[in-house]
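A.B. asks: Here's a structure for you.
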Amino acid sequence: MSRAANNQVFELIFGLLELHGFHTHEAQASIIGVTPTTITNWKTGKVRALNRGKLDEVIRRVHFLSKRRGVDLVGEPSLCPIVIEEGAGPADIERQLRDKWDSVYLGHKFLYYHPAGAMAWKKLLDTGYGSAQLAKGFANAFGLALRDSTPGKSNLASMLRWSEGKSCGVDLISLGPGDGAKEAIAIESLIDRAGPKHRLIDWLTFTPVDVSIPLLRMASERARNLIRDRLNKESWPHFLVRPSCSDFEDGGIGFAGHLSDNPSDRRLALFLGGTFGNLKSETRFVEYSLGRMLRPGDLVWLEVGVRQDRIEDDGLYALSKGQLGDTQETVRRSLVEGPHRRFRASVGSPLDTRMRIIPREGGATCEVPGSYNFVHDVDINPSGQRCSVLYSRRYDIDALRRWFLELGYETRFEHRVKDSRGRDRTAHLLLFRARV
Ligand SMILES: C[S@@+](CC[C@H](N)C(=O)[O-])C[C@H]1O[C@@H](n2cnc3c(N)ncnc32)[C@H](O)[C@@H]1O
C-alpha cells in the first residue's frame with residue numbers, strides 16, 4: 001500500500017487486511033463494503049479520518065474475518081472447530097485399514113479412530129489399568145518441574161523464562177491426548193503457577209492432536225471447561241483450544257502451521273501415556289514429526305513405560321503368558337482385535353480373531369538400545385496368518401536419554417512414577433531441543 005496517507009489508523013486497517021490475504025484495492029473494497037475509489041482516497045490521504053459509524057463498521061468487518069475462519073472470539077473460552085488434516089479423517093483411516101489389513105504390521109492409530117475403539121479405551125481406563133495413579137504421578141512431576149524457578153536451574157519454569165521474570169506465549173501441544181485428563185492437569189498447573197495475577201503467560205493455545213475424533217472432542221471440551229471454570233471472563237481470550245484431527249506419525253504435521261513463530265514464545269509438546277512406545281519407528285517420529293513441530297529451544301514432555309529389571313514383573317508379561325483372564329484382558333482384547341473384527345464384519349468374513357502378546361527382546365522393532373517390546377498380534381485368517389497390531393515398548397531410561405541426546409534433545413528434568421508395589425512404572429522426561 002502507499003504510505004502517503006501517513007495515517008496509522010489506515011495503516012493498521014490495511015495491514016490487517018493484507019495479513020488476512022486481501023491485497024488489491026478491489027479485494028479490500030469488497031470486504032470492507034466500500035468502493036475501490038474510497039480505498040484509494042483512504043490510502044492517498046484524500047480522506048484523513050473516518051467518522052465514528054464508519055470506523056465501527058470497519059472494526060466489525062475485520063473482527064468478522066477471524067470469526068468466519070472459525071475462531072469464536074466471544075462468549076465462552078474459545079474452542080475452535082476440529083480441523084481435519086488431509087488424510088487423517090475417519091474415512092481416510094478406514095481406507096488405510098482396508099489397504100493394510102493383511103499386512104505384517106497394522107499400527108496403533110487404528111485402535112481408537114472408530115467410536116467403538118474410543119469407548120473400549122475409556123473402558124480400559126476404568127478396569128484398574130492404574131490410570132488414576134498415573135495421572136497423579138504426572139501431576140506431581142509437572143508441579144515439581146514448574147515449582148523451582150531458581151535462575152540457572154534447567155527446569156520447565158526456567159525454560160518458559162519465568163526465572164528471568166519474563167512472560168511468554170505458550171503453545172501447548174498434546175500428541176494423542178486420549179481423554180485429556182493429564183492435559184487438563186497440565187493446563188491447571190500452568191494457570192495456578194503463572195495465572196493472570198502473575199502474568200507469566202501472555203497467551204496459551206492448547207492444540208490436542210489425535211486421529212480419534214471422539215477422544216479429541218473429549219480432551220478439547222475438558223480443557224475448555226477447565227479454563228472456563230478456573231479463570232474469570234476477562235482472562236478467557238488469552239486461552240484457546242485448537243483441536244486438530246491429524247496423524248502425527250504418517251501425516252503432514254500441518255497443525256504446526258498454526259503455532260507461533262515468535263522466538264520468545266515456547267512450544268511444549270506433551271506425549272504421554274506410553275504412546276511413544278507404541279510408535280512404528282521412534283527414530284522417524286523424532287526426526288520427521290518432532291522435527292517439523294519443534295524449533296531449537298522448544299520442549300517435549302515424554303511419559304514412557306519403564307523396563308523392569310526382571311521382565312516377568314511387567315503387567316504385560318503375565319498377559320503374554322495367558323495368566324490373567326480378567327476384565328482388563330477382555331477389554332484389551334476388544335480394543336486390539338477391534339479394527340480387524342470390524343473390517344471382517346464389513347466384508348462378511350468369519351469373525352473369530354485372537355490376540356496374542358509376544359514378548360520381544362531387541363530386534364528390528366526395538367530401535368532404542370535396551371528397550372523391550374510386547375508385540376500384540378492378532379490372527380487375520382483361519383490359516384494362521386497373523387498381523388502385529390500394537391507395539392508396547394518399555395525403556396531403559398538411561399539408554400533412552402542417551403539416544404535422545406544423539407538426536408539433539410537434552411533431558412532437563414526426570415521423574416519416575418511407581419506402581420502399587422513400589423516399582424518404577426513410568427518415567428517422565430522433559431526434553432529440550434538443543435539443535436536442528
Ligand atoms: C493410548 S491412547 C491415549 C494415551 C493418553 N495420552 C494417556 O496418557 O492416557 C493413544 C492416543 O493416541 C492416538 N494416536 C495413536 N497414533 C496416532 C497417530 N499416528 N496420529 C494421531 N493420533 C494417534 C490414539 O487415537 C489415542 O487417542
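Residue numbering restarts at 1 in every chain; chains get A, B, ... in the order shown in the C-alpha cells, and ligands count up from 1 in that same order.
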Can you write out as a Markdown table which residues of region 236-258 of chain A fall within 9 Å of region 88-94 of chain A, alongside each residue's closest atom pair and its distance in Å to one decimal, counting only C-alpha atoms and ordering rows by chain and ascending residue number?
C.D. replies:
| residue | atom | partner | partner_atom | distance |
| --- | --- | --- | --- | --- |
| A:Cys245 | CA | A:Ala88 | CA | 6.4 |
| A:Ser246 | CA | A:Ala88 | CA | 5.2 |
| A:Asp247 | CA | A:Ala88 | CA | 5.6 |
| A:Gly251 | CA | A:Ala88 | CA | 7.1 |
A.B. asks: Quick one: residues within 9 Å of ligand 1, with only C-alpha atoms and all ligand atoms, as a compact mmCIF listing (two decimals) with N, CA and C atoms, in the first residue's frame?
C.D. replies:
# COMPACT_ATOMS: atom_id res chain seq x y z
N ALA A 88 -6.28 -37.63 7.33
CA ALA A 88 -6.37 -38.08 8.72
C ALA A 88 -7.80 -38.21 9.21
N GLY A 107 -0.74 -51.10 13.20
CA GLY A 107 -0.37 -49.81 13.82
C GLY A 107 -1.40 -49.33 14.81
N HIS A 108 -0.89 -48.59 15.75
CA HIS A 108 -1.62 -48.14 16.91
C HIS A 108 -2.77 -47.19 16.58
N LYS A 109 -2.60 -46.37 15.53
CA LYS A 109 -3.61 -45.34 15.26
C LYS A 109 -4.96 -45.94 14.87
N PHE A 110 -4.96 -47.25 14.48
CA PHE A 110 -6.22 -47.86 14.04
C PHE A 110 -7.10 -48.30 15.22
N LEU A 111 -6.56 -48.20 16.43
CA LEU A 111 -7.30 -48.71 17.58
C LEU A 111 -8.46 -47.82 18.02
N TYR A 112 -8.32 -46.50 17.86
CA TYR A 112 -9.25 -45.58 18.55
C TYR A 112 -10.07 -44.68 17.64
N TYR A 113 -9.80 -44.69 16.33
CA TYR A 113 -10.48 -43.69 15.49
C TYR A 113 -11.97 -43.98 15.35
N GLY A 117 -13.82 -48.10 19.28
CA GLY A 117 -12.45 -48.18 19.80
C GLY A 117 -12.24 -47.16 20.91
N ALA A 118 -12.78 -45.95 20.69
CA ALA A 118 -12.64 -44.90 21.71
C ALA A 118 -13.35 -45.34 23.00
N TRP A 121 -11.30 -47.88 24.83
CA TRP A 121 -10.18 -47.25 25.56
C TRP A 121 -10.67 -46.69 26.90
N LEU A 125 -9.53 -47.78 30.78
CA LEU A 125 -9.10 -46.88 31.85
C LEU A 125 -9.84 -47.18 33.15
N SER A 131 -4.87 -45.85 35.81
CA SER A 131 -4.81 -44.51 35.20
C SER A 131 -4.86 -43.41 36.25
N LEU A 134 -1.45 -43.05 37.61
CA LEU A 134 -0.53 -42.46 36.62
C LEU A 134 -0.80 -40.96 36.45
N ALA A 135 -2.08 -40.59 36.51
CA ALA A 135 -2.42 -39.17 36.39
C ALA A 135 -1.89 -38.40 37.60
N SER A 174 -0.64 -31.51 22.47
CA SER A 174 -0.66 -32.86 23.03
C SER A 174 -0.83 -33.86 21.90
N LEU A 175 0.09 -34.80 21.82
CA LEU A 175 0.01 -35.83 20.78
C LEU A 175 -0.71 -37.04 21.36
N GLY A 176 -1.90 -37.34 20.86
CA GLY A 176 -2.67 -38.48 21.36
C GLY A 176 -3.13 -38.28 22.79
N PRO A 177 -3.96 -37.25 23.05
CA PRO A 177 -4.33 -36.96 24.44
C PRO A 177 -5.26 -38.01 25.07
N GLY A 178 -5.85 -38.90 24.25
CA GLY A 178 -6.85 -39.81 24.83
C GLY A 178 -7.99 -38.98 25.40
N ASP A 179 -8.37 -39.24 26.66
CA ASP A 179 -9.49 -38.47 27.24
C ASP A 179 -9.04 -37.09 27.74
N GLY A 180 -7.75 -36.82 27.69
CA GLY A 180 -7.24 -35.47 28.01
C GLY A 180 -7.17 -35.16 29.49
N ALA A 181 -7.23 -36.20 30.35
CA ALA A 181 -7.21 -35.94 31.79
C ALA A 181 -5.87 -35.31 32.22
N LYS A 182 -4.77 -35.85 31.71
CA LYS A 182 -3.47 -35.33 32.14
C LYS A 182 -3.23 -33.93 31.55
N GLU A 183 -3.75 -33.70 30.35
CA GLU A 183 -3.56 -32.39 29.73
C GLU A 183 -4.28 -31.32 30.56
N VAL A 209 -3.88 -33.19 19.44
CA VAL A 209 -3.74 -33.78 18.11
C VAL A 209 -4.06 -35.27 18.20
N ASP A 210 -5.04 -35.72 17.45
CA ASP A 210 -5.41 -37.14 17.53
C ASP A 210 -6.19 -37.52 16.28
N VAL A 211 -6.11 -38.79 15.88
CA VAL A 211 -6.95 -39.24 14.76
C VAL A 211 -8.32 -39.70 15.25
N SER A 212 -8.48 -39.78 16.56
CA SER A 212 -9.76 -40.23 17.11
C SER A 212 -10.63 -39.01 17.42
N ILE A 213 -11.65 -38.79 16.60
CA ILE A 213 -12.49 -37.61 16.82
C ILE A 213 -13.26 -37.71 18.14
N PRO A 214 -13.78 -38.90 18.52
CA PRO A 214 -14.47 -38.95 19.83
C PRO A 214 -13.54 -38.55 20.99
N LEU A 215 -12.28 -39.03 20.95
CA LEU A 215 -11.36 -38.70 22.04
C LEU A 215 -10.90 -37.24 21.95
N LEU A 216 -10.74 -36.77 20.73
CA LEU A 216 -10.32 -35.38 20.53
C LEU A 216 -11.36 -34.42 21.12
N CYS A 245 -7.43 -32.90 14.07
CA CYS A 245 -7.50 -34.32 13.75
C CYS A 245 -6.40 -34.58 12.73
N SER A 246 -5.25 -35.02 13.23
CA SER A 246 -4.07 -35.19 12.38
C SER A 246 -3.36 -36.47 12.76
N ASP A 247 -2.63 -36.99 11.80
CA ASP A 247 -1.85 -38.19 12.02
C ASP A 247 -0.42 -37.74 12.33
N PHE A 248 -0.01 -37.90 13.59
CA PHE A 248 1.32 -37.37 13.94
C PHE A 248 2.46 -38.31 13.57
N GLU A 249 2.13 -39.49 13.03
CA GLU A 249 3.20 -40.39 12.59
C GLU A 249 3.41 -40.31 11.09
N ASP A 250 2.32 -40.45 10.36
CA ASP A 250 2.44 -40.54 8.89
C ASP A 250 1.89 -39.32 8.17
N GLY A 251 1.33 -38.35 8.92
CA GLY A 251 0.67 -37.20 8.27
C GLY A 251 1.63 -36.06 7.98
N LEU A 270 3.31 -32.37 24.68
CA LEU A 270 3.12 -33.47 25.64
C LEU A 270 2.92 -34.75 24.85
N PHE A 271 3.66 -35.78 25.23
CA PHE A 271 3.48 -37.07 24.55
C PHE A 271 3.42 -38.11 25.68
N LEU A 272 2.20 -38.35 26.14
CA LEU A 272 2.01 -39.03 27.42
C LEU A 272 1.43 -40.43 27.28
N GLY A 273 1.56 -41.17 28.37
CA GLY A 273 0.85 -42.45 28.48
C GLY A 273 1.49 -43.58 27.71
N GLY A 274 2.76 -43.51 27.43
CA GLY A 274 3.43 -44.64 26.77
C GLY A 274 3.20 -44.71 25.27
N THR A 275 2.57 -43.68 24.69
CA THR A 275 2.28 -43.73 23.25
C THR A 275 3.57 -43.74 22.42
N ASN A 278 4.43 -47.04 21.47
CA ASN A 278 3.52 -47.69 20.51
C ASN A 278 3.88 -47.36 19.06
N LEU A 279 4.81 -46.41 18.88
CA LEU A 279 5.10 -45.94 17.52
C LEU A 279 5.70 -47.05 16.67
N GLU A 303 6.21 -39.28 28.49
CA GLU A 303 5.98 -40.30 29.51
C GLU A 303 6.14 -41.66 28.85
A.B. asks: Would you pick out the contacts of Gly322 (chain A) at 12 Å or less, using only C-alpha atoms, so that residues sharing its chain but fewer than 2 positions from it are not included, and give the list as a ChimeraX atom specification?
C.D. replies: /A:315-320,324-326,329-330,333,354-358
A.B. asks: Write out as a ChimeraX atom specification the set of residues from region 21-221 of chain A that DSSP, computed on the backbone, places in alpha helix (DSSP H).
C.D. replies: /A:25-32,36-44,52-67,90-100,115-125,131-147,156-159,181-194,213-221
A.B. asks: Per residue of region 318-407 of chain A within 10 Å of region 428-436 of chain A, what are the shortest atom pair and its distance in Å to one decimal, counting only C-alpha atoms, with rows by chain and residue number, as JSON lines?
C.D. replies:
{"residue": "A:Ile397", "atom": "CA", "partner": "A:Leu429", "partner_atom": "CA", "distance": 9.1}
{"residue": "A:Leu400", "atom": "CA", "partner": "A:Leu429", "partner_atom": "CA", "distance": 9.8}
{"residue": "A:Arg401", "atom": "CA", "partner": "A:Leu429", "partner_atom": "CA", "distance": 8.4}
{"residue": "A:Phe404", "atom": "CA", "partner": "A:Leu431", "partner_atom": "CA", "distance": 8.3}
{"residue": "A:Leu405", "atom": "CA", "partner": "A:Ala434", "partner_atom": "CA", "distance": 8.9}
{"residue": "A:Leu407", "atom": "CA", "partner": "A:Arg435", "partner_atom": "CA", "distance": 8.6}
A.B. asks: Can you tell me which residues surround Pro81 (chain A) at a distance of at most 12 Å, considering only C-alpha atoms, apart from same-chain residues fewer than 6 positions away, and format the answer as an NGL selection string?
C.D. replies: :A and (67-72 or 207-208 or 213 or 216-217 or 220-221 or 240-245)
A.B. asks: Calculate how many Å separate CA of Thr40 (chain A) from CA of His25 (chain A), rounding to one decimal.
C.D. replies: 7.3 Å
A.B. asks: With distances taken over only C-alpha atoms, which residue among A:Pro263, A:Pro339, A:Ser78, A:Gly305 lies nearest Gln96 (chain A)?
C.D. replies: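 Ranked by minimum distance to Gln96 (chain A), first place goes to A:Pro339.
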A.B. asks: What are the nearest atom pairs, with distances in Å to one decimal, for all residues of region 318-386 of chain A that come at most 12 Å from region 392-396 of chain A, using only C-alpha atoms, set out by chain and rising residue number as a tab-separated table?
C.D. replies:
residue	atom	partner	partner_atom	distance
A:Ser320	CA	A:Ser392	CA	11.8
A:Val336	CA	A:Ser392	CA	11.8
A:Ile357	CA	A:Ser392	CA	9.7
A:Ile358	CA	A:Ser392	CA	10.3
A:Pro359	CA	A:Ser392	CA	9.5
A:Arg360	CA	A:Arg393	CA	9.3
A:Glu361	CA	A:Arg393	CA	9.9
A:Gly362	CA	A:Arg393	CA	10.5
A:Thr365	CA	A:Arg393	CA	9.0
A:Cys366	CA	A:Arg393	CA	7.8
A:Glu367	CA	A:Arg393	CA	10.3
A:Val368	CA	A:Tyr395	CA	7.9
A:Pro369	CA	A:Asp396	CA	7.8
A:Gly370	CA	A:Asp396	CA	5.5
A:Ser371	CA	A:Tyr395	CA	4.5
A:Tyr372	CA	A:Arg394	CA	5.2
A:Asn373	CA	A:Arg393	CA	4.3
A:Phe374	CA	A:Ser392	CA	5.1
A:Val375	CA	A:Ser392	CA	6.3
A:His376	CA	A:Ser392	CA	7.8
A:Asp377	CA	A:Ser392	CA	11.3
A.B. asks: Please, could you write that set of residues out with C-alpha atoms as a PDB file, in the first residue's frame?
C.D. replies:
ATOM      1  CA  SER A 320       1.553 -62.636  27.354  1.00  0.00           C
ATOM      2  CA  VAL A 336      -6.695 -54.635  19.956  1.00  0.00           C
ATOM      3  CA  ILE A 357       1.094 -60.916  23.106  1.00  0.00           C
ATOM      4  CA  ILE A 358       4.619 -61.847  22.137  1.00  0.00           C
ATOM      5  CA  PRO A 359       7.458 -60.551  24.310  1.00  0.00           C
ATOM      6  CA  ARG A 360      10.387 -59.461  22.166  1.00  0.00           C
ATOM      7  CA  GLU A 361      13.844 -58.538  23.338  1.00  0.00           C
ATOM      8  CA  GLY A 362      15.784 -56.417  20.834  1.00  0.00           C
ATOM      9  CA  THR A 365      11.114 -53.247  16.472  1.00  0.00           C
ATOM     10  CA  CYS A 366      13.399 -52.095  19.313  1.00  0.00           C
ATOM     11  CA  GLU A 367      15.369 -49.194  17.791  1.00  0.00           C
ATOM     12  CA  VAL A 368      16.213 -47.649  21.136  1.00  0.00           C
ATOM     13  CA  PRO A 369      19.008 -49.631  22.823  1.00  0.00           C
ATOM     14  CA  GLY A 370      17.845 -51.604  25.851  1.00  0.00           C
ATOM     15  CA  SER A 371      14.134 -51.387  25.012  1.00  0.00           C
ATOM     16  CA  TYR A 372      11.767 -54.334  25.271  1.00  0.00           C
ATOM     17  CA  ASN A 373       8.668 -54.820  23.144  1.00  0.00           C
ATOM     18  CA  PHE A 374       5.400 -56.574  23.954  1.00  0.00           C
ATOM     19  CA  VAL A 375       4.010 -57.109  20.469  1.00  0.00           C
ATOM     20  CA  HIS A 376       0.230 -57.533  20.265  1.00  0.00           C
ATOM     21  CA  ASP A 377      -0.559 -59.846  17.357  1.00  0.00           C
TER      22      ASP A 377
END
A.B. asks: What does the distance from CA of Gly422 (chain A) to CA of Gln133 (chain A) come to in Å, to one decimal?
C.D. replies: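 Between these atoms lies a distance of 12.0 Å.
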A.B. asks: For Arg412 (chain A), which of A:Thr283, A:Asn155, A:Asn262, A:Ser346 is the closest residue, counting only C-alpha atoms?
C.D. replies: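 Closest to Arg412 (chain A) of all the choices is A:Asn155.
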A.B. asks: Of the residues A:Glu11, A:Asp99, A:Glu188, A:Asp313, which is the one nearest to Arg421 (chain A), using only C-alpha atoms?
C.D. replies: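 Counting only C-alpha atoms, the residue closest to Arg421 (chain A) is A:Asp313.
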A.B. asks: Would you kindly return, as a list in words, each protein, DNA or RNA residue with an atom no farther than 10 Å from any atom of Asn225 (chain A), considering only C-alpha atoms and excluding same-chain residues fewer than 3 positions away?
C.D. replies: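 The filter keeps Glu76, Pro77, Leu79, Ala184, Ser220, Glu221, Arg222, Arg228, Asp229 and Arg230 of chain A.
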A.B. asks: Just to be explicit: take each residue in the selection above, keep C-alpha atoms, and write the result as a short mmCIF file (atom, residue, chain, number, x, y, z; two decimals), in the first residue's frame.
C.D. replies:
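Writing done, so here's again-v6.cif:
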data_model
loop_
_atom_site.label_atom_id
_atom_site.label_comp_id
_atom_site.auth_asym_id
_atom_site.auth_seq_id
_atom_site.Cartn_x
_atom_site.Cartn_y
_atom_site.Cartn_z
CA GLU A 76 -17.02 -18.93 26.35
CA PRO A 77 -13.25 -19.53 26.32
CA LEU A 79 -12.92 -23.79 21.46
CA ALA A 184 -6.19 -30.72 31.93
CA SER A 220 -10.86 -30.45 23.94
CA GLU A 221 -14.06 -29.95 25.89
CA ARG A 222 -12.39 -30.99 29.11
CA ARG A 228 -13.96 -21.56 31.83
CA ASP A 229 -14.29 -22.77 35.41
CA ARG A 230 -10.87 -21.70 36.68
#
A.B. asks: Please, which residues of region 125-185 of chain A, numbered as in this document, come out strand (DSSP E) from DSSP, as a PyMOL selection string?
C.D. replies: chain A and resi 168-175
A.B. asks: Now that the selection is made, can you save its residues with C-alpha atoms as a PDB file, in the first residue's frame?
C.D. replies:
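Once everything was written out, this is again_3.pdb:
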ATOM      1  CA  CYS A 168       5.824 -15.645  27.020  1.00  0.00           C
ATOM      2  CA  GLY A 169       3.140 -17.151  24.849  1.00  0.00           C
ATOM      3  CA  VAL A 170       2.779 -20.910  25.243  1.00  0.00           C
ATOM      4  CA  ASP A 171       1.813 -23.343  22.501  1.00  0.00           C
ATOM      5  CA  LEU A 172       0.862 -26.468  24.446  1.00  0.00           C
ATOM      6  CA  ILE A 173       0.513 -29.399  22.052  1.00  0.00           C
ATOM      7  CA  SER A 174      -0.663 -32.861  23.033  1.00  0.00           C
ATOM      8  CA  LEU A 175       0.008 -35.833  20.781  1.00  0.00           C
TER       9      LEU A 175
END
A.B. asks: Could you work out how far CA of Ile32 (chain A) lies from CA of Asn51 (chain A), giving the answer in Å with one decimal?
C.D. replies: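 Going from CA of Asn51 (chain A) over to CA of Ile32 (chain A), I get 14.7 Å.
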